Amino acid sequence: MAESSNIQSRQRLTIRISRNSLSFSSVNPEGQVVYEPYTVRSGISMAANLRKAVKEAEMPRQFSRAQVMIDTPVLMIPIELFDESSINYLYSHSYPGYSSDEVLFNVLPDLKTVAAFSINKDLKLVVGDNYEDVTFFHTLTPVWRHFNKRSYTGVRNKLYGYFHDKKLEIMAFRQNRFKYCNTFDTERGNDALYFMLYVWKLLQMRPNYDELHIVGDIPDREWLTNEVKRFIERAYVINPSGEFNRSHVTQIKGMPYDLMTFYIKGK
């Protein structure tokens with residue numbers, strides 16, 4: 001069932017697509033965020049799932065314009081080295097399993113970076129067949145920008161971990177650039193602990209001074225948070241409600257943190 005929260009109105013459907021999940025959201029004329037997850041059917045492609053969802057779900061039929069959040073592997077390119085003519089070559093060599101996909105990119109001037117990502121061509125075709133004026137951006141774009149700004153609060157270095165879709169995104173920032181950005185597949189707390197401590201050591205962060213902040217669908221939540229604090233004194237779990245001033249968006253059941261951040265902080 002769709003749930004809602006107060007926010008400025010936008011007349012565009014937001015489609016969030018990851019490897020195992022699909023959802024629709026928008027801001028209605030009353031300024032309320034409406035969220036409608038769709039149960040993905042296994043055994044058929046995401047393009048086929050989206051085609052069925054457009055016919056079966058309530059929200060997709062109400063819009064002609066869309067913006068699509070895509071969660072596929074991302075290649076970060078320093079903006080001063082970016083060359084659009086070479087982006088397909090770079091991406092296919094970095095992620096050979098996605099060589100048949102179409103490569104898209106978002107320019108992030110505030111982070112001095114270009115984020116290249118891919119979309120299945122059939123999936124893009126389904127989107128184009130059903131919506132006009134479509135824009136695409138990577139799912140993590142709102143999170144990157146929000147955490148970069150957040151990293152300037154206080155004097156300590158900060159490492160961030162965002163859990164979603166059975167993955168862990170680890171990132172750190174310095175002088176409006178990525179200091180580190182990587183994705184780890186993980187469904188278990190002990191694996192997540194290893195990855196975070198590995199990156200912490202790699203970046204030579206100080207266990208008694210610097211900070212670790214984690215958020216999202218944290219596996220083995222109580223165990224992991226307790227274990228992290230054994231090694232890192234200033235380790236915190238981000239509470240979206242407290243972070244975003246008790247915005248009603250944070251109370252929408254099942255909404256991922258990246259989508260909350262998008263509606264509250266923007267793309």
# chains A, B, ... in the order shown; residues from 1 in each chain; ligands from 1
call {"tool": "closest_atom_pairs", "arguments": {"of": "range 44-111 of chain A", "to": "range 14-38 of chain A", "cutoff": "9 Å", "atoms": "only C-alpha atoms", "output": "CSV"}}
result
residue,atom,partner,partner_atom,distance
A:Met46,CA,A:Arg19,CA,7.6
A:Asn49,CA,A:Leu22,CA,8.4
A:Leu50,CA,A:Leu22,CA,7.8
A:Ala53,CA,A:Tyr38,CA,7.0
A:Ala57,CA,A:Tyr38,CA,7.3
A:Glu58,CA,A:Glu36,CA,8.1
A:Met59,CA,A:Phe24,CA,6.8
A:Pro60,CA,A:Phe24,CA,7.0
A:Arg65,CA,A:Thr14,CA,8.9
A:Ala66,CA,A:Thr14,CA,5.8
A:Gln67,CA,A:Thr14,CA,4.9
A:Val68,CA,A:Ile15,CA,4.7
A:Met69,CA,A:Arg16,CA,4.6
A:Ile70,CA,A:Ile17,CA,5.2
A:Asp71,CA,A:Ser18,CA,4.7
A:Thr72,CA,A:Ser18,CA,7.0
call {"tool": "select_by_dssp", "arguments": {"residues": "range 38-123 of chain A", "states": "helix (DSSP H, G or I)", "output": "PyMOL selection string"}}
result
chain A and resi 46-56+59-62+79-81+84-94+96-98+109-111+121-123
call {"tool": "select_by_dssp", "arguments": {"residues": "range 21-261 of chain A", "states": "strand (DSSP E)", "output": "PyMOL selection string"}}
result
chain A and resi 22-27+33-38+65-70+75-78+102-108+113-119+132-138+158-164+167-173+178-185+211-216+234-237
call {"tool": "atom_distance", "arguments": {"atom1": "CA of Pro256 in chain A", "atom2": "CA of Ile218 in chain A"}}
result
11.7 Å
call {"tool": "decode", "arguments": {"residues": "range 249-260 of chain A", "atoms": "all heavy atoms", "output": "PDB file, in the first residue's frame"}}
result
ATOM      1  N   VAL A 249       9.197  11.495   5.517  1.00  0.00           N
ATOM      2  CA  VAL A 249       9.712  10.581   4.496  1.00  0.00           C
ATOM      3  C   VAL A 249      10.436   9.401   5.140  1.00  0.00           C
ATOM      4  O   VAL A 249      10.382   8.274   4.647  1.00  0.00           O
ATOM      5  CB  VAL A 249      10.656  11.334   3.532  1.00  0.00           C
ATOM      6  CG1 VAL A 249      11.296  10.381   2.528  1.00  0.00           C
ATOM      7  CG2 VAL A 249       9.890  12.417   2.788  1.00  0.00           C
ATOM      8  N   THR A 250      11.101   9.664   6.258  1.00  0.00           N
ATOM      9  CA  THR A 250      11.859   8.595   6.933  1.00  0.00           C
ATOM     10  C   THR A 250      10.955   7.568   7.594  1.00  0.00           C
ATOM     11  O   THR A 250      11.441   6.529   8.038  1.00  0.00           O
ATOM     12  CB  THR A 250      12.812   9.188   7.987  1.00  0.00           C
ATOM     13  OG1 THR A 250      12.047   9.838   9.017  1.00  0.00           O
ATOM     14  CG2 THR A 250      13.756  10.195   7.357  1.00  0.00           C
ATOM     15  N   GLN A 251       9.675   7.848   7.674  1.00  0.00           N
ATOM     16  CA  GLN A 251       8.732   6.911   8.290  1.00  0.00           C
ATOM     17  C   GLN A 251       8.032   6.030   7.262  1.00  0.00           C
ATOM     18  O   GLN A 251       7.215   5.171   7.632  1.00  0.00           O
ATOM     19  CB  GLN A 251       7.677   7.690   9.082  1.00  0.00           C
ATOM     20  CG  GLN A 251       8.255   8.627  10.133  1.00  0.00           C
ATOM     21  CD  GLN A 251       9.173   7.913  11.111  1.00  0.00           C
ATOM     22  OE1 GLN A 251       8.821   6.858  11.644  1.00  0.00           O
ATOM     23  NE2 GLN A 251      10.342   8.486  11.345  1.00  0.00           N
ATOM     24  N   ILE A 252       8.321   6.211   5.987  1.00  0.00           N
ATOM     25  CA  ILE A 252       7.675   5.407   4.952  1.00  0.00           C
ATOM     26  C   ILE A 252       8.278   4.009   4.950  1.00  0.00           C
ATOM     27  O   ILE A 252       9.476   3.835   4.722  1.00  0.00           O
ATOM     28  CB  ILE A 252       7.816   6.063   3.566  1.00  0.00           C
ATOM     29  CG1 ILE A 252       7.132   7.428   3.574  1.00  0.00           C
ATOM     30  CG2 ILE A 252       7.218   5.178   2.483  1.00  0.00           C
ATOM     31  CD1 ILE A 252       7.272   8.203   2.275  1.00  0.00           C
ATOM     32  N   LYS A 253       7.477   3.032   5.215  1.00  0.00           N
ATOM     33  CA  LYS A 253       7.953   1.665   5.391  1.00  0.00           C
ATOM     34  C   LYS A 253       8.602   1.133   4.122  1.00  0.00           C
ATOM     35  O   LYS A 253       8.043   1.208   3.031  1.00  0.00           O
ATOM     36  CB  LYS A 253       6.779   0.752   5.786  1.00  0.00           C
ATOM     37  CG  LYS A 253       7.185  -0.687   6.096  1.00  0.00           C
ATOM     38  CD  LYS A 253       5.993  -1.505   6.522  1.00  0.00           C
ATOM     39  CE  LYS A 253       6.391  -2.944   6.829  1.00  0.00           C
ATOM     40  NZ  LYS A 253       5.217  -3.759   7.227  1.00  0.00           N
ATOM     41  N   GLY A 254       9.809   0.594   4.284  1.00  0.00           N
ATOM     42  CA  GLY A 254      10.492  -0.062   3.183  1.00  0.00           C
ATOM     43  C   GLY A 254      11.259   0.856   2.264  1.00  0.00           C
ATOM     44  O   GLY A 254      11.970   0.384   1.370  1.00  0.00           O
ATOM     45  N   MET A 255      11.155   2.164   2.432  1.00  0.00           N
ATOM     46  CA  MET A 255      11.860   3.079   1.535  1.00  0.00           C
ATOM     47  C   MET A 255      13.355   3.057   1.838  1.00  0.00           C
ATOM     48  O   MET A 255      13.764   3.290   2.970  1.00  0.00           O
ATOM     49  CB  MET A 255      11.326   4.505   1.655  1.00  0.00           C
ATOM     50  CG  MET A 255      12.061   5.501   0.764  1.00  0.00           C
ATOM     51  SD  MET A 255      11.375   7.182   0.806  1.00  0.00           S
ATOM     52  CE  MET A 255       9.983   7.006  -0.318  1.00  0.00           C
ATOM     53  N   PRO A 256      14.204   2.802   0.838  1.00  0.00           N
ATOM     54  CA  PRO A 256      15.650   2.771   1.083  1.00  0.00           C
ATOM     55  C   PRO A 256      16.206   4.154   1.373  1.00  0.00           C
ATOM     56  O   PRO A 256      15.636   5.175   0.967  1.00  0.00           O
ATOM     57  CB  PRO A 256      16.225   2.193  -0.218  1.00  0.00           C
ATOM     58  CG  PRO A 256      15.168   2.408  -1.237  1.00  0.00           C
ATOM     59  CD  PRO A 256      13.857   2.415  -0.531  1.00  0.00           C
ATOM     60  N   TYR A 257      17.336   4.175   2.038  1.00  0.00           N
ATOM     61  CA  TYR A 257      17.950   5.426   2.477  1.00  0.00           C
ATOM     62  C   TYR A 257      18.293   6.337   1.305  1.00  0.00           C
ATOM     63  O   TYR A 257      18.159   7.563   1.405  1.00  0.00           O
ATOM     64  CB  TYR A 257      19.207   5.100   3.297  1.00  0.00           C
ATOM     65  CG  TYR A 257      19.965   6.299   3.798  1.00  0.00           C
ATOM     66  CD1 TYR A 257      19.540   7.003   4.919  1.00  0.00           C
ATOM     67  CD2 TYR A 257      21.128   6.726   3.157  1.00  0.00           C
ATOM     68  CE1 TYR A 257      20.243   8.105   5.389  1.00  0.00           C
ATOM     69  CE2 TYR A 257      21.836   7.826   3.618  1.00  0.00           C
ATOM     70  CZ  TYR A 257      21.391   8.502   4.732  1.00  0.00           C
ATOM     71  OH  TYR A 257      22.094   9.589   5.192  1.00  0.00           O
ATOM     72  N   ASP A 258      18.728   5.764   0.178  1.00  0.00           N
ATOM     73  CA  ASP A 258      19.086   6.611  -0.964  1.00  0.00           C
ATOM     74  C   ASP A 258      17.872   7.352  -1.509  1.00  0.00           C
ATOM     75  O   ASP A 258      17.972   8.503  -1.932  1.00  0.00           O
ATOM     76  CB  ASP A 258      19.770   5.795  -2.069  1.00  0.00           C
ATOM     77  CG  ASP A 258      18.992   4.549  -2.439  1.00  0.00           C
ATOM     78  OD1 ASP A 258      17.933   4.664  -3.083  1.00  0.00           O
ATOM     79  OD2 ASP A 258      19.449   3.440  -2.097  1.00  0.00           O
ATOM     80  N   LEU A 259      16.701   6.704  -1.479  1.00  0.00           N
ATOM     81  CA  LEU A 259      15.489   7.351  -1.963  1.00  0.00           C
ATOM     82  C   LEU A 259      15.015   8.420  -0.977  1.00  0.00           C
ATOM     83  O   LEU A 259      14.550   9.491  -1.378  1.00  0.00           O
ATOM     84  CB  LEU A 259      14.406   6.302  -2.204  1.00  0.00           C
ATOM     85  CG  LEU A 259      13.198   6.695  -3.050  1.00  0.00           C
ATOM     86  CD1 LEU A 259      13.629   7.274  -4.400  1.00  0.00           C
ATOM     87  CD2 LEU A 259      12.278   5.493  -3.255  1.00  0.00           C
ATOM     88  N   MET A 260      15.139   8.134   0.321  1.00  0.00           N
ATOM     89  CA  MET A 260      14.849   9.169   1.324  1.00  0.00           C
ATOM     90  C   MET A 260      15.720  10.402   1.089  1.00  0.00           C
ATOM     91  O   MET A 260      15.232  11.543   1.077  1.00  0.00           O
ATOM     92  CB  MET A 260      15.146   8.651   2.737  1.00  0.00           C
ATOM     93  CG  MET A 260      14.282   7.536   3.251  1.00  0.00           C
ATOM     94  SD  MET A 260      14.825   7.138   4.934  1.00  0.00           S
ATOM     95  CE  MET A 260      14.082   5.523   5.143  1.00  0.00           C
TER      96      MET A 260
END
